[in-house]
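J.: Got a structure for you, written out below as structure tokens; questions coming shortly.
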Amino acid sequence: MLGIAMLRVSVVIPALNDAVMLDQCLTALAVQSRPADEIVVVDNGSTDDTADVARRFGARVVPEPLRGIFPATAAGFDAATGDLLARLDADSVPSTDWIERIVDAFDENPALDLLSGPGDFYGSNRVVHWLAENLYIGGYIWFVGALLGHAPLFGSNLALRSSAWRRLRTEVHRDLREIHDDLDLAIHVAPDMGVRFDPTLRVGVSARPFASFAGFQRRIEWAFGTLGLNWRERSLLDRRAERRRVERGEQTQADGALS
């Protein structure tokens, strides 16, 4: 329990015209077994009551005029004051022990820098849920893990140490709109950083992006765009190889210490 008292948690939520779903998300955060020390809602240019809903729940509202998930997320991470930065989307619905489990995970493992988990889709229908969970998210988890050599990150259910963000904030493509912020962040994870994907750390996530073919197609295009942009700058296979070298070096040192 000592770690729970020591580690301050900031929950960061980028939002654009999401007043109704944000109300649902903040209601879930209000009944956490381990409350957030700070909630930062980044208003990405909303014309509805998004900012008013955030303030009603006591959240700090940070304006970010540059449209896009990554510009908004980055602005929230920069503004947050916690030791841990926990990231949700406005339509995320965390379980009551979500923050508590995040704090416990980081407290128990000082080498852990980034933690993520999957989403349970709500809304739409069973077919859309199955496709979103098994093909889109399931395929993403497998592909990114194999490509990068470390666990993937899912932006609707993500936490990282503020120290990790300070290392990565100038490396990622934080000012670009049509990329996946979680994939871009995962690609730039330093080879010595600890990353974990916990399949039991789940949050509810709206299936609305998959309700139309156009929405699904846009996400696929952004995924390939994110991969292509980063691969042109540096081969992702080179990044994976560097991580393997670091991991082998650490294991060699550990083996030497035990001998």
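In the structure tokens, the first chain shown is A, the next is B, and so on; residue numbers restart at 1 for each chain, and ligands run from 1 in the order shown.
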Which parts of range 39-193 of chain A does DSSP call strand (DSSP E) when run on the backbone here, written out as an NGL selection string?
T.: :A and (39-43 or 60-63 or 84-88 or 93-94 or 112-116 or 119-122 or 157-161)
J.: Residues within 10 Å of His173 in chain A, please, as a list in words. Count only C-alpha atoms; anything in the same chain fewer than 4 positions from it doesn't count.
T.: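 Neighbouring residues, sequence-local ones excluded: Phe70, Pro71, Ala74, Leu168, Arg169, Arg177, Ile179, His180, Asp181, Asp184, Leu185, His188, Thr226, Leu229 and Asn230 of chain A.
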J.: Could you give me, as a PyMOL selection string, the residues within 10 Å of Met21 in chain A, counting only C-alpha atoms and dropping anything in the same chain fewer than 2 positions from it?
T.: chain A and resi 15+17-19+23-27+50+53+89-93+206
J.: Would you save the residues from that selection as a compact mmCIF listing (two decimals), in the first residue's frame, using N, CA, C and O atoms?
T.:
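Once everything was written out, this is out_28.txt:
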# COMPACT_ATOMS: atom_id res chain seq x y z
N ALA A 15 -10.51 14.94 -25.79
CA ALA A 15 -11.93 14.93 -26.11
C ALA A 15 -12.26 16.00 -27.15
O ALA A 15 -11.74 17.12 -27.09
N ASN A 17 -15.96 17.24 -28.79
CA ASN A 17 -17.42 17.12 -28.91
C ASN A 17 -17.91 15.77 -28.40
O ASN A 17 -18.67 15.06 -29.08
N ASP A 18 -17.48 15.43 -27.20
CA ASP A 18 -17.81 14.13 -26.60
C ASP A 18 -18.46 14.30 -25.24
O ASP A 18 -18.20 13.50 -24.33
N ALA A 19 -19.30 15.30 -25.08
CA ALA A 19 -19.86 15.61 -23.76
C ALA A 19 -20.59 14.43 -23.14
O ALA A 19 -20.40 14.12 -21.95
N ASP A 23 -19.12 12.30 -19.90
CA ASP A 23 -19.87 12.21 -18.65
C ASP A 23 -19.84 10.78 -18.12
O ASP A 23 -19.61 10.54 -16.93
N GLN A 24 -20.02 9.83 -19.01
CA GLN A 24 -19.98 8.41 -18.63
C GLN A 24 -18.59 8.00 -18.14
O GLN A 24 -18.45 7.28 -17.14
N CYS A 25 -17.55 8.46 -18.83
CA CYS A 25 -16.17 8.13 -18.45
C CYS A 25 -15.83 8.72 -17.09
O CYS A 25 -15.27 8.04 -16.22
N LEU A 26 -16.17 9.99 -16.88
CA LEU A 26 -15.84 10.65 -15.62
C LEU A 26 -16.67 10.10 -14.46
O LEU A 26 -16.21 10.09 -13.31
N THR A 27 -17.87 9.64 -14.74
CA THR A 27 -18.67 8.98 -13.71
C THR A 27 -17.97 7.71 -13.22
O THR A 27 -17.93 7.43 -12.02
N THR A 50 -18.47 19.73 -23.77
CA THR A 50 -17.37 18.89 -23.28
C THR A 50 -16.63 19.53 -22.11
O THR A 50 -16.41 18.91 -21.08
N VAL A 53 -18.75 19.72 -18.90
CA VAL A 53 -18.88 18.41 -18.25
C VAL A 53 -17.61 18.11 -17.47
O VAL A 53 -17.66 17.64 -16.33
N ASP A 89 -9.74 7.28 -23.51
CA ASP A 89 -10.50 8.08 -24.45
C ASP A 89 -11.77 8.54 -23.76
O ASP A 89 -12.17 7.99 -22.72
N ALA A 90 -12.44 9.52 -24.35
CA ALA A 90 -13.67 10.03 -23.76
C ALA A 90 -14.74 8.96 -23.67
O ALA A 90 -15.62 9.01 -22.80
N ASP A 91 -14.69 7.96 -24.57
CA ASP A 91 -15.69 6.90 -24.54
C ASP A 91 -15.23 5.65 -23.78
O ASP A 91 -15.90 4.62 -23.79
N SER A 92 -14.09 5.73 -23.10
CA SER A 92 -13.62 4.61 -22.28
C SER A 92 -14.40 4.55 -20.97
O SER A 92 -14.72 5.59 -20.38
N VAL A 93 -14.68 3.33 -20.52
CA VAL A 93 -15.37 3.13 -19.24
C VAL A 93 -14.54 2.16 -18.40
O VAL A 93 -14.64 0.94 -18.56
N SER A 206 -16.21 2.26 -26.78
CA SER A 206 -17.30 2.34 -27.75
C SER A 206 -16.90 1.73 -29.09
O SER A 206 -15.78 1.95 -29.57
J.: For His129 in chain A, work out the shell of residues within 9 Å, counting only C-alpha atoms and skipping chain neighbours fewer than 6 positions away, then give it as a tab-separated table (two decimals) with N, CA and C atoms, in the first residue's frame.
T.:
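After the write, result-v9.tsv holds the following:
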chain	number	residue	atom	x	y	z
A	120	ASP	N	-13.09	-3.81	-24.10
A	120	ASP	CA	-14.32	-4.57	-24.32
A	120	ASP	C	-15.31	-3.62	-24.99
A	121	PHE	N	-15.65	-3.91	-26.23
A	121	PHE	CA	-16.46	-2.98	-27.00
A	121	PHE	C	-17.93	-3.04	-26.61
A	122	TYR	N	-18.54	-1.87	-26.54
A	122	TYR	CA	-19.96	-1.76	-26.27
A	122	TYR	C	-20.62	-0.92	-27.36
A	123	GLY	N	-21.95	-1.00	-27.44
A	123	GLY	CA	-22.66	-0.33	-28.54
A	123	GLY	C	-22.60	-1.20	-29.79
A	207	ALA	N	-17.83	1.01	-29.69
A	207	ALA	CA	-17.60	0.41	-31.01
A	207	ALA	C	-17.97	1.34	-32.15
A	210	PHE	N	-16.23	1.52	-35.60
A	210	PHE	CA	-16.34	0.36	-36.49
A	210	PHE	C	-17.76	0.17	-37.01
J.: How far is it from CA of Arg166 in chain A to CA of Leu237 in chain A, in Å with one decimal?
T.: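 Going from CA of Arg166 in chain A over to CA of Leu237 in chain A covers 24.5 Å.
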J.: Calculated over only C-alpha atoms, which of the candidates A:Leu66, A:Leu201, A:Leu85, A:Ala223 has the smallest distance to Leu176 in chain A?
T.: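 Nearest to Leu176 in chain A: A:Leu66.
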J.: Give me, please, the distance in Å between CA of Trp165 in chain A and CA of Ala54 in chain A, quoted to one decimal.
T.: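 Result for CA of Trp165 in chain A versus CA of Ala54 in chain A: 23.8 Å, one decimal.
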J.: How many Å separate CA of Asp97 in chain A from CA of Asp192 in chain A?
T.: 28.9 Å
J.: Given the choices A:Ser163, A:Thr96, A:Ser46, A:Asn125, which gets closest to Thr81 in chain A if the distance is worked out from only C-alpha atoms?
T.: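 Distance minimum relative to Thr81 in chain A lands on A:Ser163.
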J.: Rank A:Asp43, A:Ala132, A:Asn109, A:Ala86 by their smallest atom-to-atom distance to Gly68 in chain A, using only C-alpha atoms, and report the top residue only.
T.: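 Among A:Asp43, A:Ala132, A:Asn109, A:Ala86, it is A:Asp43 that comes nearest to Gly68 in chain A.
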J.: So which residues of range 114-198 of chain A fall under helix (DSSP H, G or I) by DSSP, listed as a count of residues only?
T.: 38
J.: Find, counting only C-alpha atoms, the residue in A:Val31, A:Ala105, A:Leu16, A:Gly58 that gets nearest to Gly45 in chain A.
T.: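 Checking each of A:Val31, A:Ala105, A:Leu16, A:Gly58 against Gly45 in chain A, counting only C-alpha atoms, the winner is A:Leu16.
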